[in-house]
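Chemist: Input file: start-v7.cif. Contents: mmCIF, C-alpha atoms.
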data_data
#
loop_
_atom_site.group_PDB
_atom_site.id
_atom_site.type_symbol
_atom_site.label_atom_id
_atom_site.label_comp_id
_atom_site.auth_asym_id
_atom_site.auth_seq_id
_atom_site.Cartn_x
_atom_site.Cartn_y
_atom_site.Cartn_z
ATOM 1 C CA MET A 1 6.116 23.309 -5.480
ATOM 2 C CA ARG A 2 3.468 20.631 -5.123
ATOM 3 C CA LEU A 3 4.716 17.568 -3.285
ATOM 4 C CA ARG A 4 4.737 14.468 -5.473
ATOM 5 C CA PHE A 5 5.681 11.015 -4.258
ATOM 6 C CA GLY A 6 4.725 7.365 -4.311
ATOM 7 C CA ILE A 7 4.149 4.984 -1.432
ATOM 8 C CA THR A 8 4.028 1.211 -1.656
ATOM 9 C CA PHE A 9 1.443 -0.891 0.108
ATOM 10 C CA ASP A 10 0.525 -4.448 0.944
ATOM 11 C CA TYR A 11 -2.420 -4.854 3.295
ATOM 12 C CA LEU A 12 -0.585 -7.594 5.194
ATOM 13 C CA CYS A 13 1.967 -5.214 6.717
ATOM 14 C CA PRO A 14 1.242 -3.189 9.886
ATOM 15 C CA PHE A 15 3.951 -0.662 9.059
ATOM 16 C CA ALA A 16 2.443 -0.138 5.614
ATOM 17 C CA ARG A 17 -0.836 0.486 7.421
ATOM 18 C CA ASN A 18 0.757 3.121 9.646
ATOM 19 C CA ALA A 19 2.422 5.058 6.815
ATOM 20 C CA ASN A 20 -0.514 4.830 4.436
ATOM 21 C CA GLU A 21 -2.895 6.011 7.170
ATOM 22 C CA HIS A 22 -0.711 9.093 7.661
ATOM 23 C CA VAL A 23 -0.871 9.824 3.940
ATOM 24 C CA VAL A 24 -4.627 9.276 3.794
ATOM 25 C CA ALA A 25 -5.276 11.456 6.849
ATOM 26 C CA ALA A 26 -3.201 14.283 5.411
ATOM 27 C CA LEU A 27 -4.897 14.072 2.014
ATOM 28 C CA ARG A 28 -8.311 14.144 3.625
ATOM 29 C CA GLY A 29 -7.177 17.146 5.621
ATOM 30 C CA GLY A 30 -6.362 19.062 2.453
ATOM 31 C CA ALA A 31 -2.677 18.307 1.857
ATOM 32 C CA ASP A 32 -1.799 19.497 -1.649
ATOM 33 C CA TRP A 33 0.087 16.370 -2.638
ATOM 34 C CA ASP A 34 0.156 14.236 -5.751
ATOM 35 C CA VAL A 35 0.426 10.680 -4.418
ATOM 36 C CA ASP A 36 0.864 7.427 -6.309
ATOM 37 C CA PHE A 37 -0.269 4.417 -4.287
ATOM 38 C CA VAL A 38 1.913 1.591 -5.586
ATOM 39 C CA PRO A 39 1.118 -2.083 -4.883
ATOM 40 C CA TYR A 40 3.926 -4.377 -3.810
ATOM 41 C CA SER A 41 3.303 -8.050 -3.035
ATOM 42 C CA LEU A 42 5.130 -9.321 0.030
ATOM 43 C CA ALA A 43 4.212 -12.869 -1.039
ATOM 44 C CA GLN A 44 6.028 -12.356 -4.334
ATOM 45 C CA GLY A 45 8.861 -10.551 -2.594
ATOM 46 C CA HIS A 46 9.509 -13.622 -0.432
ATOM 47 C CA VAL A 47 9.607 -16.121 -3.296
ATOM 48 C CA GLU A 48 12.940 -17.938 -3.107
ATOM 49 C CA GLU A 49 15.305 -17.797 -6.061
ATOM 50 C CA GLY A 50 14.531 -20.494 -8.577
ATOM 51 C CA GLN A 51 10.930 -20.887 -7.438
ATOM 52 C CA PRO A 52 7.986 -19.863 -9.645
ATOM 53 C CA ASP A 53 6.525 -16.386 -9.247
ATOM 54 C CA VAL A 54 3.308 -16.097 -7.275
ATOM 55 C CA TRP A 55 1.541 -14.955 -10.433
ATOM 56 C CA ASP A 56 2.458 -18.197 -12.204
ATOM 57 C CA HIS A 57 0.806 -20.511 -9.680
ATOM 58 C CA ASP A 58 -2.414 -22.266 -10.629
ATOM 59 C CA ASP A 59 -4.200 -20.164 -8.012
ATOM 60 C CA PRO A 60 -2.224 -16.958 -7.313
ATOM 61 C CA GLU A 61 -4.932 -15.650 -4.981
ATOM 62 C CA ALA A 62 -4.235 -18.529 -2.593
ATOM 63 C CA ALA A 63 -1.109 -16.580 -1.598
ATOM 64 C CA SER A 64 -1.590 -14.166 1.270
ATOM 65 C CA GLY A 65 -2.450 -10.640 0.291
ATOM 66 C CA ILE A 66 -2.828 -11.107 -3.473
ATOM 67 C CA LEU A 67 -6.621 -10.910 -3.663
ATOM 68 C CA ALA A 68 -6.717 -7.853 -1.389
ATOM 69 C CA LEU A 69 -4.056 -6.124 -3.506
ATOM 70 C CA GLU A 70 -6.099 -6.844 -6.619
ATOM 71 C CA VAL A 71 -9.182 -5.348 -4.999
ATOM 72 C CA GLY A 72 -7.293 -2.248 -3.862
ATOM 73 C CA LEU A 73 -5.700 -1.787 -7.264
ATOM 74 C CA LEU A 74 -8.990 -2.152 -9.139
ATOM 75 C CA VAL A 75 -10.689 0.380 -6.872
ATOM 76 C CA ARG A 76 -7.760 2.782 -7.218
ATOM 77 C CA ASP A 77 -8.056 2.731 -11.009
ATOM 78 C CA ARG A 78 -11.809 2.379 -11.586
ATOM 79 C CA TYR A 79 -13.351 3.994 -8.514
ATOM 80 C CA PRO A 80 -10.784 6.620 -7.469
ATOM 81 C CA ASP A 81 -13.265 8.594 -5.360
ATOM 82 C CA ALA A 82 -13.742 5.538 -3.151
ATOM 83 C CA PHE A 83 -10.108 4.479 -2.994
ATOM 84 C CA LEU A 84 -9.039 6.154 0.248
ATOM 85 C CA ASP A 85 -12.012 4.668 2.103
ATOM 86 C CA VAL A 86 -11.427 1.176 0.718
ATOM 87 C CA HIS A 87 -7.667 1.475 1.282
ATOM 88 C CA GLU A 88 -8.177 2.204 4.965
ATOM 89 C CA ALA A 89 -10.899 -0.411 5.298
ATOM 90 C CA LEU A 90 -8.699 -3.164 3.863
ATOM 91 C CA PHE A 91 -5.891 -2.338 6.292
ATOM 92 C CA ALA A 92 -8.426 -2.262 9.136
ATOM 93 C CA ALA A 93 -9.888 -5.608 8.082
ATOM 94 C CA ARG A 94 -6.486 -7.219 8.563
ATOM 95 C CA HIS A 95 -4.971 -5.329 11.478
ATOM 96 C CA ASP A 96 -7.926 -4.102 13.544
ATOM 97 C CA GLU A 97 -10.395 -6.908 12.911
ATOM 98 C CA GLY A 98 -8.042 -9.826 12.319
ATOM 99 C CA GLY A 99 -9.774 -10.759 9.080
ATOM 100 C CA ASP A 100 -8.458 -13.204 6.489
ATOM 101 C CA LEU A 101 -7.639 -11.192 3.371
ATOM 102 C CA LYS A 102 -8.068 -14.311 1.242
ATOM 103 C CA ASP A 103 -11.742 -14.422 2.240
ATOM 104 C CA PRO A 104 -13.950 -12.615 -0.307
ATOM 105 C CA LYS A 105 -16.481 -11.905 2.456
ATOM 106 C CA VAL A 106 -13.888 -9.877 4.358
ATOM 107 C CA LEU A 107 -13.007 -7.917 1.243
ATOM 108 C CA ALA A 108 -16.671 -7.400 0.366
ATOM 109 C CA ALA A 109 -17.312 -5.845 3.774
ATOM 110 C CA ALA A 110 -14.436 -3.417 3.208
ATOM 111 C CA LEU A 111 -15.824 -2.475 -0.204
ATOM 112 C CA ARG A 112 -19.270 -1.832 1.228
ATOM 113 C CA THR A 113 -17.862 0.676 3.713
ATOM 114 C CA ALA A 114 -17.203 2.907 0.683
ATOM 115 C CA GLY A 115 -20.652 2.297 -0.777
ATOM 116 C CA LEU A 116 -19.366 0.109 -3.612
ATOM 117 C CA ASP A 117 -21.127 -2.875 -5.155
ATOM 118 C CA ALA A 118 -18.867 -5.523 -3.633
ATOM 119 C CA GLU A 119 -20.100 -8.370 -5.818
ATOM 120 C CA ALA A 120 -19.487 -6.342 -8.980
ATOM 121 C CA VAL A 121 -15.969 -5.373 -7.899
ATOM 122 C CA LEU A 122 -15.058 -8.947 -6.984
ATOM 123 C CA ALA A 123 -16.477 -10.177 -10.285
ATOM 124 C CA ASP A 124 -14.282 -7.675 -12.135
ATOM 125 C CA VAL A 125 -11.261 -8.858 -10.149
ATOM 126 C CA ALA A 126 -12.050 -12.469 -11.049
ATOM 127 C CA GLU A 127 -11.690 -11.660 -14.755
ATOM 128 C CA GLY A 128 -7.919 -11.568 -14.198
ATOM 129 C CA GLU A 129 -6.982 -8.317 -15.897
ATOM 130 C CA VAL A 130 -6.143 -6.584 -12.637
ATOM 131 C CA ARG A 131 -3.749 -9.413 -11.736
ATOM 132 C CA GLU A 132 -1.628 -8.550 -14.749
ATOM 133 C CA GLN A 133 -1.661 -4.909 -13.684
ATOM 134 C CA LEU A 134 -0.544 -5.926 -10.192
ATOM 135 C CA ARG A 135 2.278 -7.991 -11.636
ATOM 136 C CA LYS A 136 3.339 -5.141 -13.911
ATOM 137 C CA GLU A 137 3.412 -2.528 -11.132
ATOM 138 C CA HIS A 138 5.136 -4.823 -8.643
ATOM 139 C CA ASP A 139 7.817 -5.790 -11.162
ATOM 140 C CA ALA A 140 8.288 -2.160 -12.244
ATOM 141 C CA GLY A 141 8.928 -1.078 -8.659
ATOM 142 C CA VAL A 142 11.527 -3.805 -8.252
ATOM 143 C CA ALA A 143 13.206 -3.113 -11.603
ATOM 144 C CA GLU A 144 13.197 0.687 -11.508
ATOM 145 C CA TYR A 145 13.600 1.432 -7.788
ATOM 146 C CA HIS A 146 14.846 -1.846 -6.265
ATOM 147 C CA VAL A 147 11.779 -1.930 -4.002
ATOM 148 C CA TRP A 148 11.947 -4.870 -1.597
ATOM 149 C CA GLY A 149 9.297 -4.052 0.983
ATOM 150 C CA VAL A 150 6.534 -1.874 2.301
ATOM 151 C CA PRO A 151 6.204 0.940 2.973
ATOM 152 C CA THR A 152 8.685 2.371 0.501
ATOM 153 C CA PHE A 153 8.484 6.071 -0.328
ATOM 154 C CA ILE A 154 9.449 7.004 -3.879
ATOM 155 C CA ALA A 155 10.330 10.596 -4.780
ATOM 156 C CA GLY A 156 12.397 11.766 -7.707
ATOM 157 C CA ASP A 157 14.886 9.024 -8.459
ATOM 158 C CA ARG A 158 15.100 7.750 -4.868
ATOM 159 C CA ALA A 159 13.189 5.027 -3.076
ATOM 160 C CA VAL A 160 13.478 4.649 0.702
ATOM 161 C CA PHE A 161 11.978 2.049 3.016
ATOM 162 C CA VAL A 162 10.574 3.808 6.091
ATOM 163 C CA ARG A 163 8.857 2.504 9.225
ATOM 164 C CA LEU A 164 6.601 4.882 11.116
ATOM 165 C CA MET A 165 5.821 3.540 14.564
ATOM 166 C CA ASP A 166 2.598 5.452 15.199
ATOM 167 C CA ARG A 167 -0.766 6.004 13.541
ATOM 168 C CA PRO A 168 -2.246 9.456 12.910
ATOM 169 C CA GLU A 169 -5.325 8.798 15.058
ATOM 170 C CA GLY A 170 -7.190 11.564 13.241
ATOM 171 C CA ASP A 171 -4.497 14.193 13.823
ATOM 172 C CA VAL A 172 -4.176 15.806 10.392
ATOM 173 C CA ALA A 173 -1.367 18.147 11.415
ATOM 174 C CA LYS A 174 0.705 15.273 12.774
ATOM 175 C CA ALA A 175 0.054 13.165 9.696
ATOM 176 C CA THR A 176 1.025 15.984 7.347
ATOM 177 C CA ARG A 177 4.146 16.826 9.326
ATOM 178 C CA SER A 178 5.255 13.188 9.526
ATOM 179 C CA ILE A 179 4.990 12.555 5.813
ATOM 180 C CA GLU A 180 6.572 15.863 4.818
ATOM 181 C CA GLN A 181 9.517 15.099 7.119
ATOM 182 C CA VAL A 182 9.941 11.721 5.449
ATOM 183 C CA ILE A 183 9.790 13.140 1.927
ATOM 184 C CA ASP A 184 12.225 15.898 2.865
ATOM 185 C CA LEU A 185 14.757 13.247 3.900
ATOM 186 C CA VAL A 186 14.107 11.191 0.780
ATOM 187 C CA VAL A 187 14.604 14.159 -1.531
ATOM 188 C CA ASN A 188 17.157 16.295 0.297
ATOM 189 C CA ALA A 189 19.348 13.877 2.251
ATOM 190 C CA PRO A 190 20.808 11.526 -0.381
ATOM 191 C CA MET A 191 23.809 10.690 1.792
ATOM 192 C CA LEU A 192 21.597 9.475 4.663
ATOM 193 C CA HIS A 193 21.384 5.776 3.904
ATOM 194 C CA GLU A 194 20.273 4.283 7.204
ATOM 195 C CA PHE A 195 18.776 5.954 10.268
ATOM 196 C CA LYS A 196 17.436 3.481 12.826
ATOM 197 C CA GLN A 197 16.604 3.904 16.479
ATOM 198 C CA THR A 198 18.320 1.298 18.637
ATOM 199 C CA ASP A 199 15.247 0.567 20.750
ATOM 200 C CA LEU A 200 11.506 0.793 20.317
ATOM 201 C CA PRO A 201 9.886 4.039 21.484
ATOM 202 C CA ARG A 202 7.768 3.671 24.597
#
For this file, write the structure as structure tokens.
Modeler:
Amino acid sequence: MRLRFGITFDYLCPFARNANEHVVAALRGGADWDVDFVPYSLAQGHVEEGQPDVWDHDDPEAASGILALEVGLLVRDRYPDAFLDVHEALFAARHDEGGDLKDPKVLAAALRTAGLDAEAVLADVAEGEVREQLRKEHDAGVAEYHVWGVPTFIAGDRAVFVRLMDRPEGDVAKATRSIEQVIDLVVNAPMLHEFKQTDLPR
């Protein structure tokens, strides 16, 4: 049976970067998976009760991560062949290069790595339609699966927050094995609620 699952992402999070890189490496290596890349805004997730949603601010993109999520989401839906490249490049812009994801120049450089017309993509983002899509998908994840962070793996009717401590570093076999182990636990170990190492691996 073909493996089908979702994985949440926000380009601000290093653990989301690790898990999403494993998925991307495996897919590029030929993994026969059907993957939904699901945006989740950490900025919105940290809004205190009673405060306005990020989307309702005068300038939502002033919040960390929102503009980058909009770019990633637009590319996912309109330029799917370029998505994996842009997805990796946006994570790299933040975590390898220390770039400011609110800076359109940083996002434009990531888009160009995939051969996209960065100005055209950013102009499409500025129209605002993708922001509503981001809001809809974020809210759906919270309402349907109680998502509260990234990376969350979604399979069947279960959603599980998982931290992978390493990156695939080009090792397709390791990436494939790591993700399949995670999905196996999500799907086949419903009684395993929390499994956390007491110290960081060295």
Chemist: Out of A:Asp10, A:Glu21, A:Glu137, A:Asp77, which residue has the shortest atom-to-atom distance to Asp171 of chain A when counting all atoms listed in the file?
Modeler: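 Smallest separation from Asp171 of chain A among the options: A:Glu21.
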Chemist: What residues come out when you apply the PyMOL selection byres ((chain A and resi 63) around 10) to this file, written as JSON, numbers by chain?
Modeler: {"A": [41, 42, 43, 44, 54, 55, 57, 59, 60, 61, 62, 64, 65, 66, 67, 101, 102]}
Chemist: Spell out the residues picked by the PyMOL selection byres ((chain A and resi 5) around 8) here, as a list in words.
Modeler: Leu3, Arg4, Gly6, Ile7, Trp33, Asp34, Val35, Asp36, Phe153, Ile154, Ala155, Gly156 and Ile183 of chain A
Chemist: Evaluate the PyMOL selection byres ((chain A and resi 31) around 12) on the structure here and hand back the selected residues as a PyMOL selection string.
Modeler: chain A and resi 2-4+22-30+32-35+172-177+179-180
Chemist: Restrict the selected residues to C-alpha atoms and save them as a short mmCIF file (atom, residue, chain, number, x, y, z; two decimals), keeping the file's coordinate frame.
Modeler:
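Result saved to again16.cif:
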data_model
loop_
_atom_site.label_atom_id
_atom_site.label_comp_id
_atom_site.auth_asym_id
_atom_site.auth_seq_id
_atom_site.Cartn_x
_atom_site.Cartn_y
_atom_site.Cartn_z
CA ARG A 2 3.47 20.63 -5.12
CA LEU A 3 4.72 17.57 -3.28
CA ARG A 4 4.74 14.47 -5.47
CA HIS A 22 -0.71 9.09 7.66
CA VAL A 23 -0.87 9.82 3.94
CA VAL A 24 -4.63 9.28 3.79
CA ALA A 25 -5.28 11.46 6.85
CA ALA A 26 -3.20 14.28 5.41
CA LEU A 27 -4.90 14.07 2.01
CA ARG A 28 -8.31 14.14 3.62
CA GLY A 29 -7.18 17.15 5.62
CA GLY A 30 -6.36 19.06 2.45
CA ASP A 32 -1.80 19.50 -1.65
CA TRP A 33 0.09 16.37 -2.64
CA ASP A 34 0.16 14.24 -5.75
CA VAL A 35 0.43 10.68 -4.42
CA VAL A 172 -4.18 15.81 10.39
CA ALA A 173 -1.37 18.15 11.42
CA LYS A 174 0.70 15.27 12.77
CA ALA A 175 0.05 13.16 9.70
CA THR A 176 1.02 15.98 7.35
CA ARG A 177 4.15 16.83 9.33
CA ILE A 179 4.99 12.56 5.81
CA GLU A 180 6.57 15.86 4.82
#
Chemist: Neighbouring residues of Val125 of chain A were defined as those with any atom within 8 Å, considering all atoms listed in the file; residues of the same chain fewer than 5 positions away were excluded. Please report them as a list in words.
Modeler: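 Result of the neighbour search: Glu70, Val71, Leu74, Val130 and Arg131 of chain A.
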Chemist: Which residue is closest to Ala114 of chain A? Choose from A:Arg17, A:Arg163, A:His87, A:His193 and count all atoms listed in the file.
Modeler: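 Looking only at the distances to Ala114 of chain A, the closest residue turns out to be A:His87.
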Chemist: Choose the residue, out of A:Ala118, A:Val162, A:Ala140, A:Ala109, that has the smallest atom-to-atom separation from Val75 of chain A; count all atoms listed in the file.
Modeler: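 That would be A:Ala118, the residue with the smallest distance to Val75 of chain A.
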Chemist: Between atom CA of Gly149 of chain A and atom CA of Ala82 of chain A, what is the distance, to one decimal in Å?
Modeler: 25.3 Å
Chemist: Do you know which residues lie at most 7 Å from (-14.2, -0.1, 5.0), with coordinates as in the file and only C-alpha atoms counted, and could you write them as a short mmCIF file (atom, residue, chain, number, x, y, z; two decimals) with C-alpha atoms, in the frame of the given file?
Modeler:
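Result written to selection31.cif:
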data_model
loop_
_atom_site.label_atom_id
_atom_site.label_comp_id
_atom_site.auth_asym_id
_atom_site.auth_seq_id
_atom_site.Cartn_x
_atom_site.Cartn_y
_atom_site.Cartn_z
CA ASP A 85 -12.01 4.67 2.10
CA VAL A 86 -11.43 1.18 0.72
CA GLU A 88 -8.18 2.20 4.96
CA ALA A 89 -10.90 -0.41 5.30
CA LEU A 90 -8.70 -3.16 3.86
CA ALA A 109 -17.31 -5.84 3.77
CA ALA A 110 -14.44 -3.42 3.21
CA LEU A 111 -15.82 -2.48 -0.20
CA ARG A 112 -19.27 -1.83 1.23
CA THR A 113 -17.86 0.68 3.71
CA ALA A 114 -17.20 2.91 0.68
#
Chemist: Between A:Val182, A:Leu69, A:Phe15, A:His46, which one has atoms that come closest to Leu164 of chain A, using only C-alpha atoms?
Modeler: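 Looking at the shortest contact to Leu164 of chain A, the residue is A:Phe15.
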Chemist: Would you kindly return, as a VMD selection string, each protein, DNA or RNA residue with an atom no farther than 10 Å from any atom of Met165 of chain A, considering all atoms listed in the file and excluding same-chain residues fewer than 3 positions away?
Modeler: chain A and resid 14 to 15 18 to 19 162 200 to 201
Chemist: What is the atom CA of Val160 of chain A-atom CA of Gly50 of chain A distance in Å, reported with one decimal?
Modeler: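 Spanning atom CA of Val160 of chain A to atom CA of Gly50 of chain A is a straight-line distance of 26.8 Å.
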